[in-house]
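K.L.:
What follows is data_24.txt, made up of compact mmCIF, C-alpha atoms:
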# COMPACT_ATOMS: atom_id res chain seq x y z
CA PHE A 1325 64.72 88.70 66.91
CA LEU A 1326 65.97 91.98 65.44
CA SER A 1327 65.59 93.67 68.80
CA ASN A 1328 67.62 90.94 70.49
CA GLN A 1329 70.23 91.10 67.72
CA LYS A 1330 70.67 94.84 68.25
CA LYS A 1331 71.15 94.26 71.96
CA ALA A 1332 73.71 91.55 71.23
CA ASN A 1333 75.69 93.92 69.03
CA LYS A 1334 76.09 96.28 71.99
CA ILE A 1335 77.55 93.67 74.31
CA TYR A 1336 81.23 94.24 75.03
CA ILE A 1337 83.59 91.33 74.52
CA ILE A 1338 85.25 90.35 77.79
CA ILE A 1339 88.98 90.60 77.19
CA LYS A 1340 91.67 88.85 79.17
CA MET A 1341 92.66 90.33 82.49
CA LEU A 1342 93.26 94.08 82.38
CA LYS A 1343 96.00 94.96 84.85
CA ILE A 1344 95.89 98.43 86.39
CA ILE A 1345 99.04 99.27 88.33
CA LYS A 1346 99.58 102.28 90.58
CA ILE A 1347 103.05 103.40 91.60
CA GLY A 1348 104.02 106.10 94.07
CA GLY A 1349 106.96 107.97 95.47
CA GLY A 1350 108.88 104.93 96.69
CA ILE A 1351 109.59 104.03 93.07
CA ILE A 1352 109.42 107.42 91.40
CA ASP A 1353 111.99 109.02 93.70
CA ASN A 1354 114.66 106.46 92.76
CA GLU A 1355 115.75 106.63 89.12
CA LYS A 1356 117.18 103.08 89.06
CA ASP A 1357 114.12 101.58 90.77
CA LEU A 1358 111.80 103.37 88.34
CA GLU A 1359 113.78 102.14 85.32
CA GLN A 1360 113.70 98.55 86.63
CA PHE A 1361 109.98 98.77 87.36
CA LEU A 1362 109.23 100.06 83.86
CA LYS A 1363 111.24 97.20 82.33
CA THR A 1364 109.10 94.74 84.29
CA PHE A 1365 105.90 96.62 83.50
CA ALA A 1366 106.67 96.63 79.76
CA GLN A 1367 107.00 92.84 79.85
CA ILE A 1368 103.48 92.31 81.20
CA GLU A 1369 101.47 90.59 78.51
CA GLY A 1370 97.97 91.70 77.66
CA PRO A 1371 96.18 94.98 78.32
CA LYS A 1372 97.55 97.20 81.05
CA LEU A 1373 97.30 100.72 82.45
CA LEU A 1374 99.67 102.66 84.69
CA VAL A 1375 98.76 105.34 87.23
CA HIS A 1376 101.56 107.30 88.90
CA GLY A 1377 101.82 109.77 91.74
CA GLY A 1378 104.48 112.44 92.04
CA GLY A 1379 106.87 111.38 94.77
CA LYS A 1380 108.97 113.94 96.60
CA GLY A 1381 109.87 115.83 93.43
CA ALA A 1382 107.09 118.38 93.88
CA SER A 1383 108.21 119.41 97.37
CA LYS A 1384 111.84 119.63 96.18
CA MET A 1385 110.85 121.83 93.26
CA LEU A 1386 108.64 124.04 95.43
CA ASN A 1387 111.50 124.59 97.85
CA GLN A 1388 113.82 125.51 94.97
CA LEU A 1389 111.29 128.12 93.85
CA GLY A 1390 110.96 129.54 97.35
CA ILE A 1391 107.43 128.17 97.85
CA GLU A 1392 106.90 126.40 101.16
CA PRO A 1393 105.24 122.98 100.66
CA LYS A 1394 102.19 122.60 102.89
CA MET A 1395 101.00 119.18 104.04
CA ILE A 1396 98.27 118.23 106.50
CA GLU A 1397 98.03 114.57 107.57
CA GLY A 1398 100.05 113.57 104.51
CA ARG A 1399 97.80 115.48 102.09
CA ARG A 1400 99.16 118.35 100.04
CA ILE A 1401 97.55 121.79 100.28
CA THR A 1402 97.41 122.94 96.66
CA ASP A 1403 97.24 126.72 96.19
CA GLN A 1404 97.62 128.27 92.73
CA ALA A 1405 101.42 128.40 92.81
CA THR A 1406 101.64 124.81 94.01
CA LEU A 1407 99.18 123.67 91.35
CA GLU A 1408 101.33 125.16 88.60
CA VAL A 1409 104.39 123.33 89.91
CA VAL A 1410 102.75 119.93 90.40
CA THR A 1411 101.03 120.12 87.02
CA GLY A 1412 104.33 120.85 85.31
CA LEU A 1413 105.98 117.95 87.11
CA TYR A 1414 103.23 115.31 87.18
CA ALA A 1415 101.62 115.89 83.77
CA GLY A 1416 104.82 117.16 82.15
CA ASN A 1417 108.35 116.01 82.90
CA LEU A 1418 107.55 112.94 85.01
CA ASN A 1419 104.71 111.62 82.85
CA LYS A 1420 106.64 112.09 79.61
CA THR A 1421 109.80 110.55 81.07
CA ILE A 1422 107.81 107.43 81.95
CA VAL A 1423 106.12 107.34 78.54
CA SER A 1424 109.37 107.80 76.60
CA THR A 1425 111.04 105.06 78.65
CA LEU A 1426 108.16 102.68 77.92
CA GLN A 1427 108.43 103.49 74.21
CA LYS A 1428 112.14 102.60 74.39
CA LEU A 1429 111.13 99.29 75.98
CA GLY A 1430 108.65 98.47 73.22
CA CYS A 1431 105.49 99.37 75.12
CA ASN A 1432 103.29 101.77 73.13
CA ALA A 1433 102.21 104.18 75.87
CA LEU A 1434 100.17 107.38 75.87
CA GLY A 1435 100.52 109.88 78.72
CA LEU A 1436 97.33 111.44 80.04
CA SER A 1437 96.21 113.97 82.58
CA GLY A 1438 92.52 113.99 83.42
CA ALA A 1439 92.02 116.93 81.04
CA ASP A 1440 93.38 115.06 78.00
CA GLY A 1441 90.44 113.65 76.07
CA ASN A 1442 88.30 114.52 79.10
CA ALA A 1443 89.78 111.36 80.62
CA ILE A 1444 88.94 112.11 84.27
CA GLN A 1445 86.73 114.91 85.53
CA GLY A 1446 86.97 115.78 89.20
CA ILE A 1447 85.14 118.01 91.65
CA LYS A 1448 87.03 120.62 93.66
CA ARG A 1449 87.04 119.45 97.27
CA PRO A 1450 84.62 121.52 99.36
CA VAL A 1451 86.09 123.58 102.18
CA GLN A 1452 85.20 122.07 105.55
CA THR A 1453 87.60 122.24 108.48
CA ILE A 1454 90.54 122.46 106.02
CA ASP A 1455 90.82 124.28 102.71
CA TYR A 1456 92.86 121.94 100.50
CA GLY A 1457 92.82 124.40 97.62
CA PHE A 1458 92.78 123.02 94.08
CA VAL A 1459 92.37 119.37 95.06
CA GLY A 1460 89.96 117.14 93.19
CA ASP A 1461 87.63 114.41 94.41
CA LEU A 1462 86.13 111.79 92.09
CA ASN A 1463 82.80 109.99 91.79
CA GLU A 1464 81.29 107.18 89.72
CA HIS A 1465 80.83 109.53 86.73
CA SER A 1466 84.38 110.92 86.69
CA VAL A 1467 86.08 108.46 84.33
CA ASN A 1468 85.67 108.58 80.56
CA GLN A 1469 85.32 104.82 80.23
CA GLU A 1470 84.87 104.96 76.45
CA LEU A 1471 88.21 106.76 75.96
CA PHE A 1472 90.18 104.29 78.06
CA GLN A 1473 88.45 101.33 76.42
CA LEU A 1474 89.29 102.69 72.96
CA LEU A 1475 92.96 103.03 73.85
CA ILE A 1476 93.17 99.59 75.45
CA ASP A 1477 91.40 97.95 72.50
CA GLN A 1478 94.04 99.53 70.21
CA ASN A 1479 96.86 98.03 72.34
CA ILE A 1480 97.85 101.46 73.65
CA THR A 1481 98.89 101.62 77.31
CA PRO A 1482 97.50 104.69 79.12
CA VAL A 1483 99.90 106.29 81.62
CA VAL A 1484 97.80 108.49 83.90
CA CYS A 1485 99.18 111.19 86.19
CA ALA A 1486 97.63 112.68 89.32
CA ILE A 1487 96.09 115.74 87.64
CA THR A 1488 92.39 115.94 86.73
CA HIS A 1489 90.09 118.80 85.69
CA ASP A 1490 86.64 120.09 86.60
CA GLY A 1491 85.20 120.57 83.10
CA ASN A 1492 85.32 124.36 83.45
CA GLY A 1493 88.99 124.93 82.72
CA GLN A 1494 90.30 124.31 86.23
CA LEU A 1495 93.02 121.70 86.79
CA LEU A 1496 92.94 119.75 90.07
CA ASN A 1497 95.58 117.87 92.03
CA THR A 1498 94.06 114.43 92.73
CA ASN A 1499 95.20 111.47 94.83
CA ALA A 1500 96.73 108.78 92.59
CA ASP A 1501 95.29 105.90 94.66
CA THR A 1502 91.83 107.40 94.17
CA ILE A 1503 92.42 107.77 90.43
CA ALA A 1504 93.56 104.14 90.10
CA SER A 1505 90.58 102.84 92.10
CA THR A 1506 88.06 104.93 90.18
CA ILE A 1507 89.46 103.89 86.79
CA ALA A 1508 89.44 100.24 87.89
CA VAL A 1509 85.78 100.36 88.89
CA ALA A 1510 84.78 102.13 85.67
CA LEU A 1511 86.61 99.65 83.43
CA ALA A 1512 85.39 96.64 85.42
CA LYS A 1513 81.98 97.12 83.82
CA HIS A 1514 83.30 95.55 80.60
CA ASN A 1515 86.63 93.96 81.59
CA ASN A 1516 88.09 91.54 84.08
CA VAL A 1517 90.18 94.01 86.10
CA GLU A 1518 93.05 93.38 88.51
CA LEU A 1519 94.13 96.48 90.44
CA ASN A 1520 97.69 96.49 91.79
CA PHE A 1521 98.91 98.94 94.42
CA CYS A 1522 102.72 98.98 94.55
CA PHE A 1523 104.17 99.99 97.90
CA ASP A 1524 107.26 99.38 100.03
CA LYS A 1525 106.29 95.91 101.33
CA ILE A 1526 105.87 92.62 99.46
CA GLY A 1527 102.23 92.49 100.57
CA VAL A 1528 100.22 92.28 103.78
CA LEU A 1529 102.41 90.86 106.55
CA ARG A 1530 101.48 89.37 109.91
CA ASP A 1531 104.74 90.91 111.16
CA VAL A 1532 105.62 94.11 109.30
CA ASN A 1533 109.32 93.44 109.88
CA ASP A 1534 109.32 89.88 108.53
CA ASP A 1535 108.69 89.15 104.84
CA ALA A 1536 108.31 85.46 105.70
CA THR A 1537 104.93 86.30 107.29
CA LEU A 1538 103.33 87.32 103.98
CA ILE A 1539 99.60 86.61 103.78
CA PRO A 1540 99.17 85.54 100.13
CA GLU A 1541 95.39 85.82 99.93
CA ILE A 1542 92.76 87.61 102.01
CA ASN A 1543 88.99 87.74 101.66
CA GLU A 1544 86.89 90.20 103.62
CA THR A 1545 85.99 87.68 106.33
CA LEU A 1546 89.65 86.94 107.04
CA TYR A 1547 90.49 90.64 106.87
CA LEU A 1548 87.91 91.54 109.52
CA GLN A 1549 89.22 88.72 111.71
CA LEU A 1550 92.84 89.85 111.34
CA LYS A 1551 91.87 93.46 112.01
CA GLU A 1552 90.02 92.46 115.18
CA GLU A 1553 93.07 90.46 116.31
CA GLY A 1554 95.30 93.48 115.73
CA VAL A 1555 97.36 91.66 113.10
CA ILE A 1556 96.74 94.33 110.46
CA PHE A 1557 98.76 97.39 111.44
CA GLU A 1558 96.90 100.67 111.57
CA GLY A 1559 98.49 102.29 108.52
CA MET A 1560 97.24 99.50 106.25
CA ILE A 1561 93.59 99.67 107.31
CA PRO A 1562 92.47 102.57 105.05
CA LYS A 1563 94.17 100.97 102.03
CA LEU A 1564 92.54 97.60 102.72
CA ASP A 1565 89.12 99.11 103.44
CA ASN A 1566 89.30 100.95 100.12
CA SER A 1567 90.45 97.81 98.32
CA PHE A 1568 87.48 95.75 99.50
CA ASN A 1569 85.12 98.57 98.50
CA VAL A 1570 86.65 98.43 95.01
CA ILE A 1571 86.08 94.67 94.86
CA LYS A 1572 82.45 95.13 95.92
CA ALA A 1573 82.11 97.62 93.04
CA GLY A 1574 83.08 94.98 90.48
CA VAL A 1575 86.88 94.76 90.33
CA LYS A 1576 87.90 91.09 90.22
CA ASN A 1577 90.74 91.40 92.70
CA VAL A 1578 93.19 93.87 94.23
CA CYS A 1579 96.85 93.10 94.81
CA LEU A 1580 99.22 94.73 97.28
CA VAL A 1581 102.71 94.15 95.95
CA HIS A 1582 106.24 95.47 95.83
CA ALA A 1583 107.09 97.07 92.48
CA ARG A 1584 109.84 94.53 91.82
CA ASN A 1585 107.30 91.68 92.10
CA ILE A 1586 104.49 92.80 89.80
CA ASN A 1587 105.28 89.95 87.39
CA SER A 1588 105.61 87.32 90.12
CA GLU A 1589 103.37 85.51 92.60
CA ILE A 1590 104.93 87.27 95.63
CA LYS A 1591 102.02 89.52 96.65
CA THR A 1592 98.83 89.67 98.66
CA ILE A 1593 95.68 89.11 96.63
CA LEU A 1594 92.44 90.55 98.01
CA CYS A 1595 89.38 88.82 96.61
Please express what this file holds, its structure, as structure tokens.
P.N.:
Amino acid sequence: FLSNQKKANKIYIIIKMLKIIKIGGGIIDNEKDLEQFLKTFAQIEGPKLLVHGGGKGASKMLNQLGIEPKMIEGRRITDQATLEVVTGLYAGNLNKTIVSTLQKLGCNALGLSGADGNAIQGIKRPVQTIDYGFVGDLNEHSVNQELFQLLIDQNITPVVCAITHDGNGQLLNTNADTIASTIAVALAKHNNVELNFCFDKIGVLRDVNDDATLIPEINETLYLQLKEEGVIFEGMIPKLDNSFNVIKAGVKNVCLVHARNINSEIKTILC
């Protein structure tokens, strides 16, 4: 009995749905859109967590400093000079602007890079055909689940930027989608997690130019059928493949949604 009681004491209480929301450049680059999104985000009831990318601000700042931004297939090459700029922007001005705005809106937020509290530890991407520089990849051990759980249990909203660290003093520029997915999987071990990717469409559309063709719910069987029929346009396939992998890893569902609709039913739910 005592043994069973000890085990019971270690069981985590399942809380109501934890919403993890990732925003990118489409929102961040527009001050009014970001302000409106944060107003909506602050109104979400229950536990929540925000992950943000950097938008076009990093490239603009690099150009102003006379440093040529380098991108390959949409991925930033991060040398030492670039790392210093993106860290200052992502973990500094942008992160703290978001946090201070949420505080104004009554949402008690705490800004984090991966180095803060050892929140997220990455691995410098190995050099293969391309040397991405100080770019971090993540694995199933990267997220400090106990830290995030502690904050959430205290009704503090983590706001996570796209900077991680390697545990040896090196900061790493890390894809925000990857950060959001990895956090979602880690926290799904003891929470019901809904992961929301905000992008420039209202969800998955049968016709990318017609919002009336929104597909409100997709399971993997339907997804594979739509992909085979050519209904899912090519640019969406990596995002959807990743989303179903996240669901298989324990996340309850993944939503693809426009930032203005995060508190509404206008979205595509992957389940």
K.L.:
Just checking: using all atoms listed in the file, which residue out of A:Leu1362, A:Gln1452, A:Lys1591, A:His1489 ends up closest to Ala1536 of chain A?
P.N.:
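Closest candidate: A:Lys1591.
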K.L.:
Counting all atoms listed in the file, which residues of segment 1417-1449 of chain A sit at most 12 Å from some atom of segment 1393-1410 of chain A, and what is each one's closest atom pair with its distance in Å to one decimal, listed by chain and rising residue number, as JSON lines?
P.N.:
{"residue": "A:Asn1417", "atom": "CA", "partner": "A:Val1410", "partner_atom": "CA", "distance": 10.1}
{"residue": "A:Leu1418", "atom": "CA", "partner": "A:Val1410", "partner_atom": "CA", "distance": 10.0}
{"residue": "A:Asn1419", "atom": "CA", "partner": "A:Val1410", "partner_atom": "CA", "distance": 11.4}
{"residue": "A:Ser1437", "atom": "CA", "partner": "A:Val1410", "partner_atom": "CA", "distance": 11.8}
{"residue": "A:Lys1448", "atom": "CA", "partner": "A:Thr1402", "partner_atom": "CA", "distance": 11.1}
{"residue": "A:Arg1449", "atom": "CA", "partner": "A:Thr1402", "partner_atom": "CA", "distance": 11.0}
K.L.:
To one decimal in Å, tell me the separation between atom CA of Leu1429 of chain A and atom CA of Thr1364 of chain A.
P.N.:
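That distance, rounded to one decimal, is 9.7 Å.
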K.L.:
Of the candidates A:Val1483, A:Ala1415, A:Leu1496, A:Ile1561, which one gets nearest to Ile1447 of chain A if we count all atoms listed in the file?
P.N.:
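Looking at the shortest contact to Ile1447 of chain A, the residue is A:Leu1496.
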K.L.:
Choose the residue, out of A:Met1560, A:Leu1389, A:Val1578, A:Ile1422, that has the smallest atom-to-atom separation from Asp1524 of chain A; count only C-alpha atoms.
P.N.:
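Among the listed residues, A:Met1560 lies closest to Asp1524 of chain A.
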K.L.:
Since the input lacks some atoms of segment 1351-1375 of chain A, please model N, CA, C and O atoms and print them as a JSON list (two decimals), keeping the file's coordinate frame.
P.N.:
[["chain", "number", "residue", "atom", "x", "y", "z"],
["A", 1351, "ILE", "N", 108.95, 104.43, 94.32],
["A", 1351, "ILE", "CA", 109.59, 104.03, 93.07],
["A", 1351, "ILE", "C", 110.04, 105.26, 92.30],
["A", 1351, "ILE", "O", 111.16, 105.33, 91.79],
["A", 1352, "ILE", "N", 109.17, 106.24, 92.22],
["A", 1352, "ILE", "CA", 109.42, 107.42, 91.40],
["A", 1352, "ILE", "C", 110.65, 108.20, 91.87],
["A", 1352, "ILE", "O", 111.39, 108.77, 91.06],
["A", 1353, "ASP", "N", 110.89, 108.21, 93.17],
["A", 1353, "ASP", "CA", 111.99, 109.02, 93.70],
["A", 1353, "ASP", "C", 113.36, 108.40, 93.47],
["A", 1353, "ASP", "O", 114.38, 109.03, 93.73],
["A", 1354, "ASN", "N", 113.39, 107.15, 93.00],
["A", 1354, "ASN", "CA", 114.66, 106.46, 92.76],
["A", 1354, "ASN", "C", 114.75, 106.11, 91.27],
["A", 1354, "ASN", "O", 114.00, 105.28, 90.78],
["A", 1355, "GLU", "N", 115.66, 106.78, 90.58],
["A", 1355, "GLU", "CA", 115.75, 106.63, 89.12],
["A", 1355, "GLU", "C", 115.98, 105.18, 88.70],
["A", 1355, "GLU", "O", 115.36, 104.68, 87.75],
["A", 1356, "LYS", "N", 116.87, 104.48, 89.41],
["A", 1356, "LYS", "CA", 117.18, 103.08, 89.06],
["A", 1356, "LYS", "C", 115.98, 102.18, 89.32],
["A", 1356, "LYS", "O", 115.66, 101.29, 88.51],
["A", 1357, "ASP", "N", 115.30, 102.39, 90.45],
["A", 1357, "ASP", "CA", 114.12, 101.58, 90.77],
["A", 1357, "ASP", "C", 113.01, 101.80, 89.74],
["A", 1357, "ASP", "O", 112.32, 100.86, 89.34],
["A", 1358, "LEU", "N", 112.83, 103.06, 89.33],
["A", 1358, "LEU", "CA", 111.80, 103.37, 88.34],
["A", 1358, "LEU", "C", 112.12, 102.69, 87.01],
["A", 1358, "LEU", "O", 111.24, 102.10, 86.37],
["A", 1359, "GLU", "N", 113.38, 102.77, 86.59],
["A", 1359, "GLU", "CA", 113.78, 102.14, 85.32],
["A", 1359, "GLU", "C", 113.54, 100.64, 85.37],
["A", 1359, "GLU", "O", 113.03, 100.04, 84.41],
["A", 1360, "GLN", "N", 113.90, 100.00, 86.50],
["A", 1360, "GLN", "CA", 113.70, 98.55, 86.63],
["A", 1360, "GLN", "C", 112.22, 98.21, 86.63],
["A", 1360, "GLN", "O", 111.78, 97.23, 86.00],
["A", 1361, "PHE", "N", 111.43, 99.01, 87.35],
["A", 1361, "PHE", "CA", 109.98, 98.77, 87.36],
["A", 1361, "PHE", "C", 109.41, 98.85, 85.95],
["A", 1361, "PHE", "O", 108.60, 98.01, 85.53],
["A", 1362, "LEU", "N", 109.79, 99.88, 85.19],
["A", 1362, "LEU", "CA", 109.23, 100.06, 83.86],
["A", 1362, "LEU", "C", 109.64, 98.93, 82.92],
["A", 1362, "LEU", "O", 108.86, 98.52, 82.05],
["A", 1363, "LYS", "N", 110.84, 98.38, 83.11],
["A", 1363, "LYS", "CA", 111.24, 97.20, 82.33],
["A", 1363, "LYS", "C", 110.30, 96.03, 82.62],
["A", 1363, "LYS", "O", 109.84, 95.33, 81.71],
["A", 1364, "THR", "N", 110.00, 95.83, 83.90],
["A", 1364, "THR", "CA", 109.10, 94.74, 84.29],
["A", 1364, "THR", "C", 107.69, 95.01, 83.80],
["A", 1364, "THR", "O", 107.02, 94.11, 83.28],
["A", 1365, "PHE", "N", 107.24, 96.25, 83.94],
["A", 1365, "PHE", "CA", 105.90, 96.62, 83.50],
["A", 1365, "PHE", "C", 105.73, 96.40, 82.00],
["A", 1365, "PHE", "O", 104.72, 95.87, 81.54],
["A", 1366, "ALA", "N", 106.74, 96.77, 81.22],
["A", 1366, "ALA", "CA", 106.67, 96.63, 79.76],
["A", 1366, "ALA", "C", 106.55, 95.18, 79.34],
["A", 1366, "ALA", "O", 105.99, 94.87, 78.27],
["A", 1367, "GLN", "N", 107.04, 94.26, 80.18],
["A", 1367, "GLN", "CA", 107.00, 92.84, 79.85],
["A", 1367, "GLN", "C", 105.67, 92.17, 80.18],
["A", 1367, "GLN", "O", 105.44, 91.02, 79.80],
["A", 1368, "ILE", "N", 104.79, 92.89, 80.88],
["A", 1368, "ILE", "CA", 103.48, 92.31, 81.20],
["A", 1368, "ILE", "C", 102.70, 92.10, 79.92],
["A", 1368, "ILE", "O", 102.53, 93.01, 79.12],
["A", 1369, "GLU", "N", 102.23, 90.89, 79.71],
["A", 1369, "GLU", "CA", 101.47, 90.59, 78.51],
["A", 1369, "GLU", "C", 100.01, 90.99, 78.69],
["A", 1369, "GLU", "O", 99.48, 90.99, 79.80],
["A", 1370, "GLY", "N", 99.38, 91.34, 77.60],
["A", 1370, "GLY", "CA", 97.97, 91.70, 77.66],
["A", 1370, "GLY", "C", 97.76, 93.16, 77.98],
["A", 1370, "GLY", "O", 98.71, 93.94, 78.16],
["A", 1371, "PRO", "N", 96.50, 93.57, 78.08],
["A", 1371, "PRO", "CA", 96.18, 94.98, 78.32],
["A", 1371, "PRO", "C", 96.61, 95.43, 79.70],
["A", 1371, "PRO", "O", 96.49, 94.69, 80.68],
["A", 1372, "LYS", "N", 97.09, 96.68, 79.78],
["A", 1372, "LYS", "CA", 97.55, 97.20, 81.05],
["A", 1372, "LYS", "C", 97.42, 98.72, 81.05],
["A", 1372, "LYS", "O", 97.32, 99.36, 80.00],
["A", 1373, "LEU", "N", 97.44, 99.28, 82.25],
["A", 1373, "LEU", "CA", 97.30, 100.72, 82.45],
["A", 1373, "LEU", "C", 98.11, 101.09, 83.67],
["A", 1373, "LEU", "O", 98.10, 100.37, 84.67],
["A", 1374, "LEU", "N", 98.82, 102.22, 83.59],
["A", 1374, "LEU", "CA", 99.67, 102.66, 84.69],
["A", 1374, "LEU", "C", 99.19, 103.99, 85.23],
["A", 1374, "LEU", "O", 98.90, 104.92, 84.47],
["A", 1375, "VAL", "N", 99.09, 104.09, 86.56],
["A", 1375, "VAL", "CA", 98.76, 105.34, 87.23],
["A", 1375, "VAL", "C", 99.95, 105.68, 88.13],
["A", 1375, "VAL", "O", 100.45, 104.83, 88.86]]
